Amino acid sequence: MTRSQTLADDVAQPLCDGATLVTANKRLAREVRQQFNQHQLAQGNQAWDTADILPFDAWIFRLWQFVRDAAKDDGAPYAGHEVGHVALNALQSKAVWTQIIAADIKANQRDAETLWNIAATVKTAMQAWRISRQWDIAIDDCGKSFLADHRSFARWANLFIHQCRKNNWIDAAQLVDVIIERIDARRLADFAPLMLLGFDGFNAQQKRLMEILRQNNTRLSIHQVADSGARSHCRFRQYERESEQWLAAAHWIKDKLDHNPNQRLALVASNLAKSRSAIDYALSQILSPRHLVDSGGSRAKPFHISLGVKLNDSPVVDAALLLLSLTSTADLTHSTLSRIMLTPFIGGADSECYARNKLEFWCRLYLPYKLNLADFLETLKLEMLKRHSSAPVAPIFLDKITAIKTLLEANKKPQSFSYWSELFLTGLENFGWPGERALNSAQYQTAEAFKREVAALRSLDLVAAPVTASTALAVLTQRLNEQPFEPESPQVKVEVLGVMETASLEFDAIWFGGLTERDWPPAVRESPFMPHALQQQAGYFRASVSLNAEHAAAQQTRLINQCDDMVFSRYCFEQDVELLPSAFFDTSAATLDETKQPTLVDHFQTDRSQMETFTDTRGIGKTEAATRGGTAVIQDQAACPFRAYARHRLGARAAEAREPGLNAMDRGSLIHRILEGVWRELRSSEKLADTSDVALKKIIDRHIAQCSRRFFHLGGGGKAFFAAQSQWLGTLLLEWLTAEKSREQAFHVVELEQPQQLTLGKLTLNFKVDRVDALADDTVALIDYKTGQAGSLKDWVGERPAAPQLPLYALAQHREHNPDKRPLSTLTFAQIRAGRCAYVGISGEQFQAVRHAAGKVAKLSDTKLSPELKSWRALIEYWDAHLTQLADQYYAGQAEVNPLDNTTCTYCDLPGLCRISEADNSR
């Protein structure tokens with residue numbers, strides 16, 4: 001049996017004789033129970049009485065119940081309360097404090113009421129109240145302070161005391177004082193011998209309690225860990241970065257376990273809350289890499305982190321809160337809907353997995369950014385009918401959503417917390433939470449803890465008035481956000497702990513990391529609601545730099561006594577900021593460890609030489625001529641053959657998250673529609689010139705109103721956003737049409753959004769040309785609107801042209817078999833950008849479209865194209881050859897990951913599919 005598994009005789013024997021052991025925390029109580037049971041087994045016993053071991057708070061509550069029952073027997077009042085008063089739990093106490101503070105601020109600081117953060121103020125005030133009770137700080141002395149915050153706290157605390165006395169309540173911070181007064185007044189007997197274990201020190205209230213117990217003839221002893229002599233084995237290590245420190249600790253743990261699997265090891269962090277995720281990742285890489293890819297697996301990790309995560313950070317609880325959020329009247333966003341549709345923790349998630357994924361993607365495309373539950377169901381129904389039931393259907397999901405809607409409509413009035421607690425649990429059960437699949441141990445424990453927290457809402461009926469569903473849910477959410485939960489796990493050999501959690505726990509070896517000046521000793525944190533002098537006079541160590549340092553030094557010494565091998569470490573830099581070492585870190589004995597510790601990725605890279613590789617650059621070729629995607633097929637094939645194959649053959653598309661307002665694609669489509677309507681009305685440069693700016697603005701505004709309703713509905717920005725965007729669009733398009741008036745040649749718009757078909761080799765493309773103008777010289781101009789940067793002529797040429805859209809338009813116009821057709825003279829982008837409106841393209845004649853603009857349409861003969869391409873015939877033949885080659889490659893299934901240049905991947909939405917970054921790293 002190792003040192004860390006033994007129970008000291010001076011603790012074990014009194015427990016056998018019926019003594020009570022009170023520990024500093026739950027973890028230590030659980031540890032000592034296990035050691036006591038092992039001790040009994042080692043003594044050859046097959047059955048024994050359960051040892052009386054419990055943490056301090058639980059012991060205090062039991063002691064209070066004892067003195068309360070004793071008071072009931074003789075009918076004596078105590079501590080200003082009548083016999084039989086009620087102990088408030090944390091949730092109830094918080095509700096009372098919230099009511100008191102909110103009412104006081106409204107009464108005394110009405111002008112600044114909106115500036116107060118009530119929740120944060122309540123939390124800080126309750127901490128001050130607890131400190132004042134634990135360290136015997138008089139509330140009236142706080143009220144004498146010249147600072148308003150101190151006087152406010154004194155007023156709130158006195159109101160809280162008054163409320164408790166009026167309603168026969170008592171909260172946890174007052175229990176010890178009541179016990180002391182009762183014992184002192186009645187001299188109660190029958191207290192078993194008492195042992196205290198794991199306390200780094202005692203506050204004033206605890207000292208008074210121990211003194212009164214001793215005066216009451218209670219045998220009381222305080223136990224500490226004996227000196228192990230580990231100082232001779234202390235080592236100090238320094239690392240550049242925090243991640244390197246924890247990775248080195250993980251390798252140290254692995255080496256220790258490889259040498260002796262029966263050792264019990266601890267990794268202690270000076271600031272576990274900050275470092276938890278980094279430690280978890282480092283240990284998982286080295287000790288349990290499978291959990292990095294299968295976090296929901298049934299096998300437990302070989303290490304345990306004492307600091308639990310907040311309950312609402314757990315996926316199973318997050319899913320429950322999302323479902324409960326549907327009972328409020330708030331609008332739903334795409335983010336909320338997506339998370340509800342894709343979570344595995346609701347009924348039908350497995351059986352409808354494929355349908356729900358398709359439905360979620362469909363909703364991103366066709367439903368507004370924000371809408372309420374009723375509108376969601378109605379819009380979904382209308383869209384399905386409009387699209388002839390082409391929308392994916394997930395009947396189980398929709399039935400459950402409809403049931404929630406019915407539940408919502410029936411429960412709009414304020415109700416008691418008990419009512420909402422029952423309704424929340426029933427609603428979740430009806431929704432099939434926590435899902436069809438079996439939960440692992442941690443998920444099951446978390447779900448059960450969540451149910452207990454929902455059930456605990458019922459206790460608020462004692463102190464709170466009826467509330468709405470959204471208020472009840474807000475109270476629950478806030479409670480979960482403040483409530484870390486640590487699932488019980490099988491006993492492991494590696495514990496990750498904060499300094500306080502290590503109290504009296506013994507280990508074979510300890511690594512104590514994060515010893516920077518910032519984190520160790522912990523920063524002084526006095527209460528801002530009580531005078532500093534009062535806190536120091538009371539001996540509250542967190543309010544004094546010297547006392548805080550002494551306390552940390554004692555804890556560090558205790559750690560050394562709790563093991564046979566000790567490592568201290570720190571890291572030197574956080575990003576580019578240098579961190580000084582802790583005053584308790586011996587830099588003279590420390591060396592900078594620059595050894596690169598291998599990671600999981602390094603392991604895979606090392607083994608890469610043993611892997612067989614096969615380069616496959618060709619997909620399945622097409623068998624039919626027609627293809628979807630229009631000119632984007634050729635543009636993507638030129639940019640990257642894999643992108644073209646993935647998008648247009650495999651249907652791969654990134655699930656873009658819709659955001660409030662209009663994205664760039666929506667704005668472009670909207671401007672296309674508005675200009676199409678405007679030109680169907682104007683038709684010619686003559687009509688445009690005859691139209692005044694005022695009349696032109698009215699035409700633009702009318703078409704904005706006609707075309708934009710659906711787009712702004714999708715954007716979900718509301719009426720104010722609609723009005724602002726309409727005004728912006730009107731100003732932009734008036735600028736553009738004013739620029740159109742300056743064109744030198746008269747023109748007549750002959751085609752708008754006209755469908756075109758173009759066959760390149762065996763591939764047939766279908767697309768629309770934005771606009772075709774007939775010019776005064778009996779030629780035509782092909783125009784494509786661009787709301788972004790139009791680019792340059794060099795993007796139109798080359799074996800893989802970056803912008804083949806206009807060249808494809810030119811090919812389609814050239815191949816059109818129409819004896820009356822006009823020849824092509826101009827090929828141009830219409831760049832529609834505020835302050836930079838311009839035509840950008842080429843023309844056989846000078847086509848100075850917008851004389852004042854930065855861009856222009858240049859003569860073909862004046863461009864920097866090679867001499868053999870400075871005629872329309874040569875350019876058309878050039879495009880025909882190169883674009884047909886790209887079409888043939890696409891038709892044949894060429895799908896090599898081969899971006900055109902360094903910028904191609906910047907805006908690509910498929911990096912996770914081609915994994916080009918991984919390929920680059922492996923070279």
# chains A, B, ... in the order shown; residues from 1 in each chain; ligands from 1
>>> residues_around(residues="Cys363 in chain A", least_positions_apart="2", cutoff="9 Å", atoms="only C-alpha atoms", output="ChimeraX atom specification")
/A:334,337-338,358-361,365-368,380
>>> select_by_dssp(residues="range 683-868 of chain A", states="helix (DSSP H, G or I)", output="PyMOL selection string")
chain A and resi 685-690+693-715+718-740+793-796+805-815+860-862+867-868
>>> closest_residue(among="A:Ala319, A:Ile671, A:Ala128, A:Leu88", to="Leu733 in chain A", atoms="only C-alpha atoms")
A:Ile671
>>> residues_around(residues="Cys640 in chain A", least_positions_apart="5", cutoff="12 Å", atoms="only C-alpha atoms", output="NGL selection string")
:A and (617 or 632-635 or 645-647 or 800-802 or 886 or 889-890 or 894-905 or 908 or 910-911 or 914 or 916)
>>> write_last_selection(atoms="N, CA and C atoms", output="PDB file, in the first residue's frame")
ATOM      1  N   THR A 617      -6.377  12.339 -58.200  1.00  0.00           N
ATOM      2  CA  THR A 617      -6.769  13.684 -58.621  1.00  0.00           C
ATOM      3  C   THR A 617      -7.972  13.680 -59.557  1.00  0.00           C
ATOM      4  N   ALA A 632     -20.217  29.828 -62.848  1.00  0.00           N
ATOM      5  CA  ALA A 632     -19.406  29.500 -61.669  1.00  0.00           C
ATOM      6  C   ALA A 632     -18.686  28.166 -61.832  1.00  0.00           C
ATOM      7  N   VAL A 633     -19.221  27.260 -62.677  1.00  0.00           N
ATOM      8  CA  VAL A 633     -18.564  25.973 -62.903  1.00  0.00           C
ATOM      9  C   VAL A 633     -17.180  26.194 -63.493  1.00  0.00           C
ATOM     10  N   ILE A 634     -17.109  27.023 -64.540  1.00  0.00           N
ATOM     11  CA  ILE A 634     -15.819  27.285 -65.184  1.00  0.00           C
ATOM     12  C   ILE A 634     -14.926  28.131 -64.279  1.00  0.00           C
ATOM     13  N   GLN A 635     -15.511  29.092 -63.591  1.00  0.00           N
ATOM     14  CA  GLN A 635     -14.723  29.934 -62.696  1.00  0.00           C
ATOM     15  C   GLN A 635     -14.093  29.098 -61.590  1.00  0.00           C
ATOM     16  N   TYR A 645     -15.275  20.405 -58.525  1.00  0.00           N
ATOM     17  CA  TYR A 645     -15.841  19.057 -58.381  1.00  0.00           C
ATOM     18  C   TYR A 645     -16.669  18.959 -57.103  1.00  0.00           C
ATOM     19  N   ALA A 646     -16.141  19.498 -56.006  1.00  0.00           N
ATOM     20  CA  ALA A 646     -16.841  19.402 -54.724  1.00  0.00           C
ATOM     21  C   ALA A 646     -18.144  20.190 -54.748  1.00  0.00           C
ATOM     22  N   ARG A 647     -18.113  21.398 -55.281  1.00  0.00           N
ATOM     23  CA  ARG A 647     -19.311  22.237 -55.256  1.00  0.00           C
ATOM     24  C   ARG A 647     -20.374  21.767 -56.244  1.00  0.00           C
ATOM     25  N   ARG A 800      -5.993  29.506 -67.065  1.00  0.00           N
ATOM     26  CA  ARG A 800      -6.995  29.405 -65.994  1.00  0.00           C
ATOM     27  C   ARG A 800      -7.392  30.820 -65.583  1.00  0.00           C
ATOM     28  N   PRO A 801      -8.239  31.477 -66.356  1.00  0.00           N
ATOM     29  CA  PRO A 801      -8.611  32.862 -66.031  1.00  0.00           C
ATOM     30  C   PRO A 801      -9.371  32.946 -64.715  1.00  0.00           C
ATOM     31  N   ALA A 802      -9.001  33.918 -63.871  1.00  0.00           N
ATOM     32  CA  ALA A 802      -9.628  34.045 -62.556  1.00  0.00           C
ATOM     33  C   ALA A 802     -11.054  34.543 -62.643  1.00  0.00           C
ATOM     34  N   LEU A 886     -11.010  23.966 -70.045  1.00  0.00           N
ATOM     35  CA  LEU A 886     -11.468  23.875 -68.653  1.00  0.00           C
ATOM     36  C   LEU A 886     -12.756  23.069 -68.554  1.00  0.00           C
ATOM     37  N   GLN A 889     -11.968  19.393 -68.824  1.00  0.00           N
ATOM     38  CA  GLN A 889     -11.394  18.888 -67.585  1.00  0.00           C
ATOM     39  C   GLN A 889     -12.480  18.632 -66.540  1.00  0.00           C
ATOM     40  N   TYR A 890     -13.413  19.558 -66.443  1.00  0.00           N
ATOM     41  CA  TYR A 890     -14.516  19.386 -65.495  1.00  0.00           C
ATOM     42  C   TYR A 890     -15.370  18.187 -65.888  1.00  0.00           C
ATOM     43  N   GLN A 894     -11.704  15.877 -63.591  1.00  0.00           N
ATOM     44  CA  GLN A 894     -10.436  16.290 -63.002  1.00  0.00           C
ATOM     45  C   GLN A 894     -10.710  17.077 -61.725  1.00  0.00           C
ATOM     46  N   ALA A 895     -10.135  16.639 -60.605  1.00  0.00           N
ATOM     47  CA  ALA A 895     -10.477  17.221 -59.295  1.00  0.00           C
ATOM     48  C   ALA A 895      -9.249  17.376 -58.412  1.00  0.00           C
ATOM     49  N   GLU A 896      -8.143  17.787 -58.993  1.00  0.00           N
ATOM     50  CA  GLU A 896      -6.916  17.962 -58.231  1.00  0.00           C
ATOM     51  C   GLU A 896      -7.027  19.175 -57.310  1.00  0.00           C
ATOM     52  N   VAL A 897      -6.494  19.047 -56.097  1.00  0.00           N
ATOM     53  CA  VAL A 897      -6.405  20.197 -55.194  1.00  0.00           C
ATOM     54  C   VAL A 897      -5.240  21.050 -55.688  1.00  0.00           C
ATOM     55  N   ASN A 898      -5.556  22.080 -56.454  1.00  0.00           N
ATOM     56  CA  ASN A 898      -4.526  22.876 -57.118  1.00  0.00           C
ATOM     57  C   ASN A 898      -5.006  24.316 -57.252  1.00  0.00           C
ATOM     58  N   PRO A 899      -4.915  25.100 -56.160  1.00  0.00           N
ATOM     59  CA  PRO A 899      -5.398  26.481 -56.207  1.00  0.00           C
ATOM     60  C   PRO A 899      -4.616  27.318 -57.214  1.00  0.00           C
ATOM     61  N   LEU A 900      -5.307  28.274 -57.822  1.00  0.00           N
ATOM     62  CA  LEU A 900      -4.709  29.113 -58.852  1.00  0.00           C
ATOM     63  C   LEU A 900      -3.564  29.952 -58.299  1.00  0.00           C
ATOM     64  N   ASP A 901      -3.753  30.549 -57.132  1.00  0.00           N
ATOM     65  CA  ASP A 901      -2.705  31.349 -56.515  1.00  0.00           C
ATOM     66  C   ASP A 901      -2.909  31.346 -54.999  1.00  0.00           C
ATOM     67  N   ASN A 902      -2.120  32.155 -54.305  1.00  0.00           N
ATOM     68  CA  ASN A 902      -2.161  32.162 -52.838  1.00  0.00           C
ATOM     69  C   ASN A 902      -3.460  32.720 -52.281  1.00  0.00           C
ATOM     70  N   THR A 903      -4.177  33.516 -53.072  1.00  0.00           N
ATOM     71  CA  THR A 903      -5.416  34.123 -52.576  1.00  0.00           C
ATOM     72  C   THR A 903      -6.637  33.242 -52.802  1.00  0.00           C
ATOM     73  N   THR A 904      -6.498  32.189 -53.599  1.00  0.00           N
ATOM     74  CA  THR A 904      -7.660  31.358 -53.948  1.00  0.00           C
ATOM     75  C   THR A 904      -8.309  30.745 -52.717  1.00  0.00           C
ATOM     76  N   CYS A 905      -7.495  30.296 -51.771  1.00  0.00           N
ATOM     77  CA  CYS A 905      -8.025  29.606 -50.594  1.00  0.00           C
ATOM     78  C   CYS A 905      -8.559  30.570 -49.527  1.00  0.00           C
ATOM     79  N   CYS A 908     -12.332  30.615 -49.806  1.00  0.00           N
ATOM     80  CA  CYS A 908     -12.959  29.321 -50.104  1.00  0.00           C
ATOM     81  C   CYS A 908     -13.671  28.805 -48.858  1.00  0.00           C
ATOM     82  N   LEU A 910     -14.468  25.598 -48.375  1.00  0.00           N
ATOM     83  CA  LEU A 910     -14.329  24.144 -48.260  1.00  0.00           C
ATOM     84  C   LEU A 910     -12.937  23.701 -47.787  1.00  0.00           C
ATOM     85  N   PRO A 911     -12.273  24.454 -46.905  1.00  0.00           N
ATOM     86  CA  PRO A 911     -10.929  24.023 -46.481  1.00  0.00           C
ATOM     87  C   PRO A 911     -10.947  22.723 -45.696  1.00  0.00           C
ATOM     88  N   CYS A 914     -10.963  19.766 -48.521  1.00  0.00           N
ATOM     89  CA  CYS A 914      -9.734  19.483 -49.277  1.00  0.00           C
ATOM     90  C   CYS A 914      -8.532  19.301 -48.361  1.00  0.00           C
ATOM     91  N   ILE A 916      -6.127  21.268 -47.485  1.00  0.00           N
ATOM     92  CA  ILE A 916      -4.873  21.679 -48.113  1.00  0.00           C
ATOM     93  C   ILE A 916      -3.853  22.130 -47.077  1.00  0.00           C
TER      94      ILE A 916
END
>>> select_by_dssp(residues="range 277-505 of chain A", states="strand (DSSP E)", output="number ranges by chain")
A: 303-305, 309-310, 332-333, 370-371, 484-485, 494-498
>>> closest_residue(among="A:Leu737, A:Ala590, A:Leu883, A:Leu729", to="Arg235 in chain A", atoms="only C-alpha atoms")
A:Ala590
>>> residues_around(residues="Leu457 in chain A", least_positions_apart="3", cutoff="10 Å", atoms="only C-alpha atoms", output="list in words")
Leu91, Gln92, Ser416, Phe417, Ser418, Tyr419, Trp420, Ser421, Glu422, Arg452, Glu453, Val454, Leu460, Asp461, Ala472, Leu473, Val475, Leu476 and Arg479 of chain A
>>> residues_around(residues="Gly498 in chain A", least_positions_apart="2", cutoff="12 Å", atoms="only C-alpha atoms", output="PyMOL selection string")
chain A and resi 27+266-276+304-308+495-496+500-503+505+510-514+519-520+522+555-556+559
>>> residues_around(residues="Ala654 in chain A", least_positions_apart="2", cutoff="7 Å", atoms="only C-alpha atoms", output="list in words")
Ala652, Glu656, Asp909 and Leu910 of chain A
>>> residues_around(residues="Glu429 in chain A", least_positions_apart="5", cutoff="10 Å", atoms="only C-alpha atoms", output="list of chain:residue names")
A:Ile346, A:Gly347, A:Leu423, A:Phe424, A:Pro434, A:Gly435
>>> write_last_selection(atoms="N, CA, C and O atoms", output="compact mmCIF listing (two decimals), in the first residue's frame")
# COMPACT_ATOMS: atom_id res chain seq x y z
N ILE A 346 -32.34 15.36 -27.87
CA ILE A 346 -33.80 15.46 -27.90
C ILE A 346 -34.36 14.28 -28.67
O ILE A 346 -33.67 13.62 -29.43
N GLY A 347 -35.65 14.02 -28.46
CA GLY A 347 -36.29 12.87 -29.08
C GLY A 347 -36.21 12.89 -30.59
O GLY A 347 -36.39 13.93 -31.23
N LEU A 423 -43.65 22.39 -14.99
CA LEU A 423 -43.87 22.54 -16.44
C LEU A 423 -42.57 22.33 -17.21
O LEU A 423 -42.58 21.67 -18.27
N PHE A 424 -41.47 22.85 -16.71
CA PHE A 424 -40.19 22.66 -17.39
C PHE A 424 -39.82 21.19 -17.48
O PHE A 424 -39.41 20.69 -18.53
N PRO A 434 -33.36 13.46 -22.34
CA PRO A 434 -32.11 13.82 -23.01
C PRO A 434 -31.77 12.97 -24.23
O PRO A 434 -30.59 12.69 -24.49
N GLY A 435 -32.76 12.56 -25.02
CA GLY A 435 -32.48 11.91 -26.29
C GLY A 435 -32.63 10.41 -26.28
O GLY A 435 -32.89 9.78 -25.25
>>> atom_distance(atom1="CA of Ile842 in chain A", atom2="CA of Thr738 in chain A")
21.6 Å
